[in-house]
Amino acid sequence: MKFLDEAKVYIRSGDGGNGCVAFRREKYIEFGGPSGGNGGRGGDVIIEVADGLNTLIDYRYQQHFKAQKGTNGMGKDRHGANGSDIVLKVPVGTQILDEDRETLIHDFTQLGERFVLAEGGNGGFGNAHFKSSTNRAPRNANPGQEGEERWIWLRLKLIADAGLVGLPNAGKSTFLSVVSAAKPKIADYPFTTLHPQLGVVDVDGREFVLADIPGLIEGAHEGAGLGDRFLGHVERCRVLLHLVDATCEHAGKAYKTVRNELMAYAGELTDKVEIVALNKIDAVDPDELKKQKDRLKRAAKKTPLLMSGVAGTGVKEALRALVEVIGEAPVSEKAKGAAQAEPWSPQNV
C-alpha cells in the first residue's frame with residue numbers, strides 16, 4: 001500500500017430542505033388551515049479517527065465529499081427527513097488545515113475522536129409554523145439554509161515515542177529491523193527508505209513505538225534529496241536517536257549536517273531530547289573508531305553511544321537510553337505476565 005501523508009479534499013455539508021406552503025382541503029372541512037411541513041436539516045461533514053489506518057491513501061482517488069441534502073417539507077404537515085451525515089475516516093495523528101496549509105483547524109491525537117468540520121444547513125419552516133390567532137392563513141415559507149463548503153488539507157504526522165534521524169545509509173532501517181518486527185527495505189545505496197516506517201520495540205518489558213524517517217542530506221530544507229517533507233513525523237516524538245555512520249569521512253560533519261537541517265525545518269526539533277550513537281563500529285578498525293568518536297563528541301558536545309545494528313553491539317544500551325527518556329512507555333502484557341508468574345522450580349512441574 002502506498003504511503004500518503006498529505007491530501008487536499010473538497011467537503012460540502014448538505015443544504016437544508018425548503019418549507020412547504022399547503023392548506024388542508026377535505027370535504028366538509030371548510031377552514032382546514034395551513035398544513036405545510038418544515039424542511040429537513042442537511043447532513044454534517046464529520047472527521048473521525050479510525051483504527052487500522054496509517055496512511056491517507058483513501059483520499060488519493062476521491063477528493064470530493066458531499067453530505068446529503070435535507071428533504072423538502074410537504075403538505076398534510078409532513079416534515080422533510082434530515083440528510084445523512086458523511087464521515088471521513090483518518091488515522092491517528094492527522095491534522096486538518098485550511099486551504100492556505102497554515103491555519104490549523106483540528107489535530108487528532110486519540111482513537112475514536114470525532115470532529116464536525118461542516119454543519120448542515122437548517123431546514124426552512126413551512127407555513128404551518130407561522131399560523132397564529134392573527135395570521136390564520138399564512139402563505140409564506142422559508143427556504144432551507146445552504147450548507148458549508150471549503151477545500152481543506154489533511155496532513156498525517158505519525159505518532160511515535162522515538163524517532164530515528166541521520167544521513168542516508170546511517171543504518172536506521174537496519175536498527176529498526178533488529179529491534180522490532182518491522183521489515184523495512186535495506187540496501188547499500190542512499191535513500192533506500194522512501195517512506196517513514198514504524199516498529200514496536202520491547203525492551204526490559206517496556207514497549208514504545210519507533211519511527212524510521214528517510215535520510216536527510218545537506219540542503220534537504222530546500223528540497224535536495226527527498227527534502228524535509230517527512231520531518232513532520234518526528235515532531236510528535238519525545239526523543240530522537242541520531243545515528244552517525246562510523247564509516248563516513250567525518251562523523252562530526254555528518255552530525256552537524258543533520259542538525260542544521262533540523263534547525264532549518266523547525267527550530268523546536270533541535271530542542272527535543274537527543275541521544276547520539278555512532279553506528280557500524282564493527283566496520284572500522286580501533287584507531288579509526290577512536291578518531292570518529294572524538295570528532296562526534298566534539299560536535300555533539302556529549303559522549304556518543306557505540307553500537308552496531310548488524311552485530312547487535314550496544315543496541316540494548318541505546319534502547320534503554322530511549323526508554324529512560326520516554327519514561328511513560330506502557331509495560332507489555334507479556335512482560336506483566338512474566339513478572340507475575342511464579343519462579344520456576346522442579347516442584348512446580
# chains A, B, ... in the order shown; residues from 1 in each chain; ligands from 1
>>> residues_around(residues="region 310-327 of chain A", least_positions_apart="2", cutoff="8 Å", atoms="only C-alpha atoms", output="list in words")
Asp161, Ala162, Thr174, Phe175, Val178, Val179, Val203, Arg206, Phe208, Arg238, Val239, Leu241, Val273, Ile275, Ala277, Lys280, Asp282, Leu305, Leu306, Met307, Ser308 and Ala329 of chain A
>>> residues_around(residues="Gln62 (chain A)", least_positions_apart="6", cutoff="12 Å", atoms="only C-alpha atoms", output="list of chain:residue names")
A:Ala7, A:Lys8, A:Val9, A:Tyr10, A:Ile11, A:Leu56, A:Leu88
>>> write_last_selection(atoms="N, CA and C atoms", output="mmCIF file, in the first residue's frame")
data_model
loop_
_atom_site.group_PDB
_atom_site.id
_atom_site.type_symbol
_atom_site.label_atom_id
_atom_site.label_comp_id
_atom_site.auth_asym_id
_atom_site.auth_seq_id
_atom_site.Cartn_x
_atom_site.Cartn_y
_atom_site.Cartn_z
ATOM 1 N N ALA A 7 -3.107 15.199 1.715
ATOM 2 C CA ALA A 7 -4.177 15.105 0.729
ATOM 3 C C ALA A 7 -5.018 16.372 0.805
ATOM 4 N N LYS A 8 -5.425 16.859 -0.363
ATOM 5 C CA LYS A 8 -6.311 18.018 -0.447
ATOM 6 C C LYS A 8 -7.691 17.529 -0.860
ATOM 7 N N VAL A 9 -8.714 17.866 -0.071
ATOM 8 C CA VAL A 9 -10.062 17.385 -0.352
ATOM 9 C C VAL A 9 -11.047 18.539 -0.287
ATOM 10 N N TYR A 10 -12.149 18.359 -0.998
ATOM 11 C CA TYR A 10 -13.256 19.321 -1.007
ATOM 12 C C TYR A 10 -14.404 18.714 -0.218
ATOM 13 N N ILE A 11 -14.942 19.494 0.719
ATOM 14 C CA ILE A 11 -16.062 18.986 1.508
ATOM 15 C C ILE A 11 -17.214 19.995 1.426
ATOM 16 N N LEU A 56 -3.090 8.143 4.336
ATOM 17 C CA LEU A 56 -4.247 8.855 3.768
ATOM 18 C C LEU A 56 -4.502 8.431 2.327
ATOM 19 N N LEU A 88 -15.636 11.016 7.303
ATOM 20 C CA LEU A 88 -14.333 10.764 6.693
ATOM 21 C C LEU A 88 -13.444 10.099 7.738
#
>>> residues_around(residues="Ser35 (chain A)", least_positions_apart="3", cutoff="6 Å", atoms="only C-alpha atoms", output="PDB file with all heavy atoms, in the first residue's frame")
ATOM      1  N   ALA A  22     -48.892  24.884   2.076  1.00  0.00           N
ATOM      2  CA  ALA A  22     -50.004  23.983   1.734  1.00  0.00           C
ATOM      3  C   ALA A  22     -51.156  24.248   2.693  1.00  0.00           C
ATOM      4  O   ALA A  22     -50.961  24.780   3.797  1.00  0.00           O
ATOM      5  CB  ALA A  22     -49.571  22.520   1.825  1.00  0.00           C
ATOM      6  N   PHE A  23     -52.342  23.886   2.248  1.00  0.00           N
ATOM      7  CA  PHE A  23     -53.540  24.059   3.075  1.00  0.00           C
ATOM      8  C   PHE A  23     -54.314  22.763   3.084  1.00  0.00           C
ATOM      9  O   PHE A  23     -54.364  22.027   2.099  1.00  0.00           O
ATOM     10  CB  PHE A  23     -54.414  25.206   2.538  1.00  0.00           C
ATOM     11  CG  PHE A  23     -53.783  26.567   2.699  1.00  0.00           C
ATOM     12  CD1 PHE A  23     -52.971  27.088   1.701  1.00  0.00           C
ATOM     13  CD2 PHE A  23     -53.994  27.302   3.847  1.00  0.00           C
ATOM     14  CE1 PHE A  23     -52.387  28.333   1.848  1.00  0.00           C
ATOM     15  CE2 PHE A  23     -53.408  28.547   4.003  1.00  0.00           C
ATOM     16  CZ  PHE A  23     -52.605  29.068   3.015  1.00  0.00           C
ATOM     17  N   ARG A  24     -54.945  22.500   4.211  1.00  0.00           N
ATOM     18  CA  ARG A  24     -55.749  21.294   4.360  1.00  0.00           C
ATOM     19  C   ARG A  24     -57.065  21.473   3.598  1.00  0.00           C
ATOM     20  O   ARG A  24     -57.837  22.382   3.882  1.00  0.00           O
ATOM     21  CB  ARG A  24     -56.007  21.034   5.837  1.00  0.00           C
ATOM     22  CG  ARG A  24     -56.766  19.739   6.097  1.00  0.00           C
ATOM     23  CD  ARG A  24     -56.987  19.554   7.581  1.00  0.00           C
ATOM     24  NE  ARG A  24     -57.722  18.327   7.857  1.00  0.00           N
ATOM     25  CZ  ARG A  24     -58.199  17.988   9.055  1.00  0.00           C
ATOM     26  NH1 ARG A  24     -58.007  18.817  10.085  1.00  0.00           N
ATOM     27  NH2 ARG A  24     -58.846  16.858   9.237  1.00  0.00           N
ATOM     28  N   GLY A  75     -47.121  18.796   2.144  1.00  0.00           N
ATOM     29  CA  GLY A  75     -48.434  19.068   2.709  1.00  0.00           C
ATOM     30  C   GLY A  75     -48.836  18.027   3.731  1.00  0.00           C
ATOM     31  O   GLY A  75     -48.116  17.053   3.972  1.00  0.00           O
ATOM     32  N   LYS A  76     -50.017  18.259   4.339  1.00  0.00           N
ATOM     33  CA  LYS A  76     -50.547  17.385   5.399  1.00  0.00           C
ATOM     34  C   LYS A  76     -49.593  17.319   6.594  1.00  0.00           C
ATOM     35  O   LYS A  76     -49.445  16.273   7.239  1.00  0.00           O
ATOM     36  CB  LYS A  76     -50.822  15.973   4.863  1.00  0.00           C
ATOM     37  CG  LYS A  76     -51.871  15.928   3.758  1.00  0.00           C
ATOM     38  CD  LYS A  76     -52.159  14.508   3.343  1.00  0.00           C
ATOM     39  CE  LYS A  76     -53.230  14.497   2.242  1.00  0.00           C
ATOM     40  NZ  LYS A  76     -53.528  13.112   1.786  1.00  0.00           N
ATOM     41  N   ASP A  77     -48.905  18.448   6.846  1.00  0.00           N
ATOM     42  CA  ASP A  77     -47.996  18.579   7.999  1.00  0.00           C
ATOM     43  C   ASP A  77     -46.882  17.543   7.991  1.00  0.00           C
ATOM     44  O   ASP A  77     -46.457  17.048   9.042  1.00  0.00           O
ATOM     45  CB  ASP A  77     -48.784  18.486   9.307  1.00  0.00           C
ATOM     46  CG  ASP A  77     -49.651  19.711   9.545  1.00  0.00           C
ATOM     47  OD1 ASP A  77     -49.138  20.824   9.363  1.00  0.00           O
ATOM     48  OD2 ASP A  77     -50.836  19.548   9.887  1.00  0.00           O
ATOM     49  N   ALA A 128     -47.306  26.173   8.115  1.00  0.00           N
ATOM     50  CA  ALA A 128     -47.990  25.794   9.350  1.00  0.00           C
ATOM     51  C   ALA A 128     -47.279  26.364  10.566  1.00  0.00           C
ATOM     52  O   ALA A 128     -47.889  26.588  11.618  1.00  0.00           O
ATOM     53  CB  ALA A 128     -48.082  24.276   9.448  1.00  0.00           C
TER      54      ALA A 128
END
>>> select_by_dssp(residues="region 63-271 of chain A", states="strand (DSSP E)", output="ChimeraX atom specification")
/A:64-66,86-90,94-97,104-107,114-118,149-156,162-165,197-203,206-212,239-245
>>> atom_distance(atom1="CA of Glu148 (chain A)", atom2="CA of Glu119 (chain A)")
6.7 Å
>>> residues_around(residues="region 37-53 of chain A", least_positions_apart="4", cutoff="7 Å", atoms="only C-alpha atoms", output="ChimeraX atom specification")
/A:13-20,67-75,77-92,111-126,128,144
>>> write_last_selection(atoms="C-alpha atoms", output="mmCIF file, in the first residue's frame")
data_model
loop_
_atom_site.group_PDB
_atom_site.id
_atom_site.type_symbol
_atom_site.label_atom_id
_atom_site.label_comp_id
_atom_site.auth_asym_id
_atom_site.auth_seq_id
_atom_site.Cartn_x
_atom_site.Cartn_y
_atom_site.Cartn_z
ATOM 1 C CA SER A 13 -22.339 19.834 4.078
ATOM 2 C CA GLY A 14 -25.926 19.277 2.989
ATOM 3 C CA ASP A 15 -28.379 22.075 2.250
ATOM 4 C CA GLY A 16 -31.488 22.279 4.379
ATOM 5 C CA GLY A 17 -34.838 21.341 2.821
ATOM 6 C CA ASN A 18 -37.339 24.040 1.893
ATOM 7 C CA GLY A 19 -40.502 24.645 3.879
ATOM 8 C CA CYS A 20 -43.823 23.962 2.186
ATOM 9 C CA ALA A 67 -23.268 15.248 2.713
ATOM 10 C CA GLN A 68 -26.895 14.563 1.813
ATOM 11 C CA LYS A 69 -29.409 17.404 1.454
ATOM 12 C CA GLY A 70 -32.437 17.663 3.704
ATOM 13 C CA THR A 71 -35.793 16.688 2.166
ATOM 14 C CA ASN A 72 -38.312 19.443 1.443
ATOM 15 C CA GLY A 73 -41.396 19.729 3.610
ATOM 16 C CA MET A 74 -44.750 18.558 2.190
ATOM 17 C CA GLY A 75 -48.434 19.068 2.709
ATOM 18 C CA ASP A 77 -47.996 18.579 7.999
ATOM 19 C CA ARG A 78 -45.289 16.243 6.718
ATOM 20 C CA HIS A 79 -41.806 17.368 7.697
ATOM 21 C CA GLY A 80 -38.845 16.542 5.480
ATOM 22 C CA ALA A 81 -36.259 13.954 6.558
ATOM 23 C CA ASN A 82 -32.827 15.084 7.715
ATOM 24 C CA GLY A 83 -29.925 14.460 5.347
ATOM 25 C CA SER A 84 -27.402 11.738 6.200
ATOM 26 C CA ASP A 85 -24.028 12.790 7.594
ATOM 27 C CA ILE A 86 -20.838 11.866 5.745
ATOM 28 C CA VAL A 87 -17.959 10.558 7.863
ATOM 29 C CA LEU A 88 -14.333 10.764 6.693
ATOM 30 C CA LYS A 89 -12.066 8.171 8.345
ATOM 31 C CA VAL A 90 -8.498 9.256 9.124
ATOM 32 C CA PRO A 91 -5.601 7.681 11.084
ATOM 33 C CA VAL A 92 -4.448 8.880 14.487
ATOM 34 C CA LEU A 111 -8.519 6.912 18.677
ATOM 35 C CA GLY A 112 -12.260 7.356 18.150
ATOM 36 C CA GLU A 113 -12.089 11.157 18.258
ATOM 37 C CA ARG A 114 -14.752 12.912 16.143
ATOM 38 C CA PHE A 115 -14.920 16.487 14.864
ATOM 39 C CA VAL A 116 -17.762 18.185 12.968
ATOM 40 C CA LEU A 117 -15.970 20.042 10.210
ATOM 41 C CA ALA A 118 -19.016 21.490 8.410
ATOM 42 C CA GLU A 119 -22.550 21.645 9.772
ATOM 43 C CA GLY A 120 -25.531 21.070 7.525
ATOM 44 C CA GLY A 121 -27.983 23.865 6.782
ATOM 45 C CA ASN A 122 -31.172 24.138 8.819
ATOM 46 C CA GLY A 123 -34.438 23.251 7.138
ATOM 47 C CA GLY A 124 -36.911 26.025 6.312
ATOM 48 C CA PHE A 125 -40.204 26.475 8.148
ATOM 49 C CA GLY A 126 -43.433 25.560 6.396
ATOM 50 C CA ALA A 128 -47.990 25.794 9.350
ATOM 51 C CA GLY A 144 -33.589 25.865 3.622
#
>>> residues_around(residues="Arg139 (chain A)", least_positions_apart="2", cutoff="8 Å", atoms="only C-alpha atoms", output="list in words")
Val21, Asn127, Ala137 and Ala141 of chain A
>>> write_last_selection(atoms="N, CA, C and O atoms", output="compact mmCIF listing (two decimals), in the first residue's frame")
# COMPACT_ATOMS: atom_id res chain seq x y z
N VAL A 21 -45.62 25.43 1.48
CA VAL A 21 -46.88 26.17 1.62
C VAL A 21 -48.01 25.26 1.16
O VAL A 21 -48.06 24.87 -0.01
N ASN A 127 -45.53 26.80 6.11
CA ASN A 127 -46.47 27.84 6.52
C ASN A 127 -47.25 27.47 7.77
O ASN A 127 -47.79 28.32 8.46
N ALA A 137 -54.04 32.20 7.98
CA ALA A 137 -53.79 31.57 6.67
C ALA A 137 -52.50 32.10 6.06
O ALA A 137 -52.51 32.76 5.02
N ALA A 141 -43.33 30.60 3.37
CA ALA A 141 -42.49 29.55 3.96
C ALA A 141 -41.03 29.93 3.74
O ALA A 141 -40.70 30.70 2.83
>>> residues_around(residues="His233 (chain A)", least_positions_apart="3", cutoff="8 Å", atoms="only C-alpha atoms", output="PyMOL selection string")
chain A and resi 156-159+196+213+230+236-237
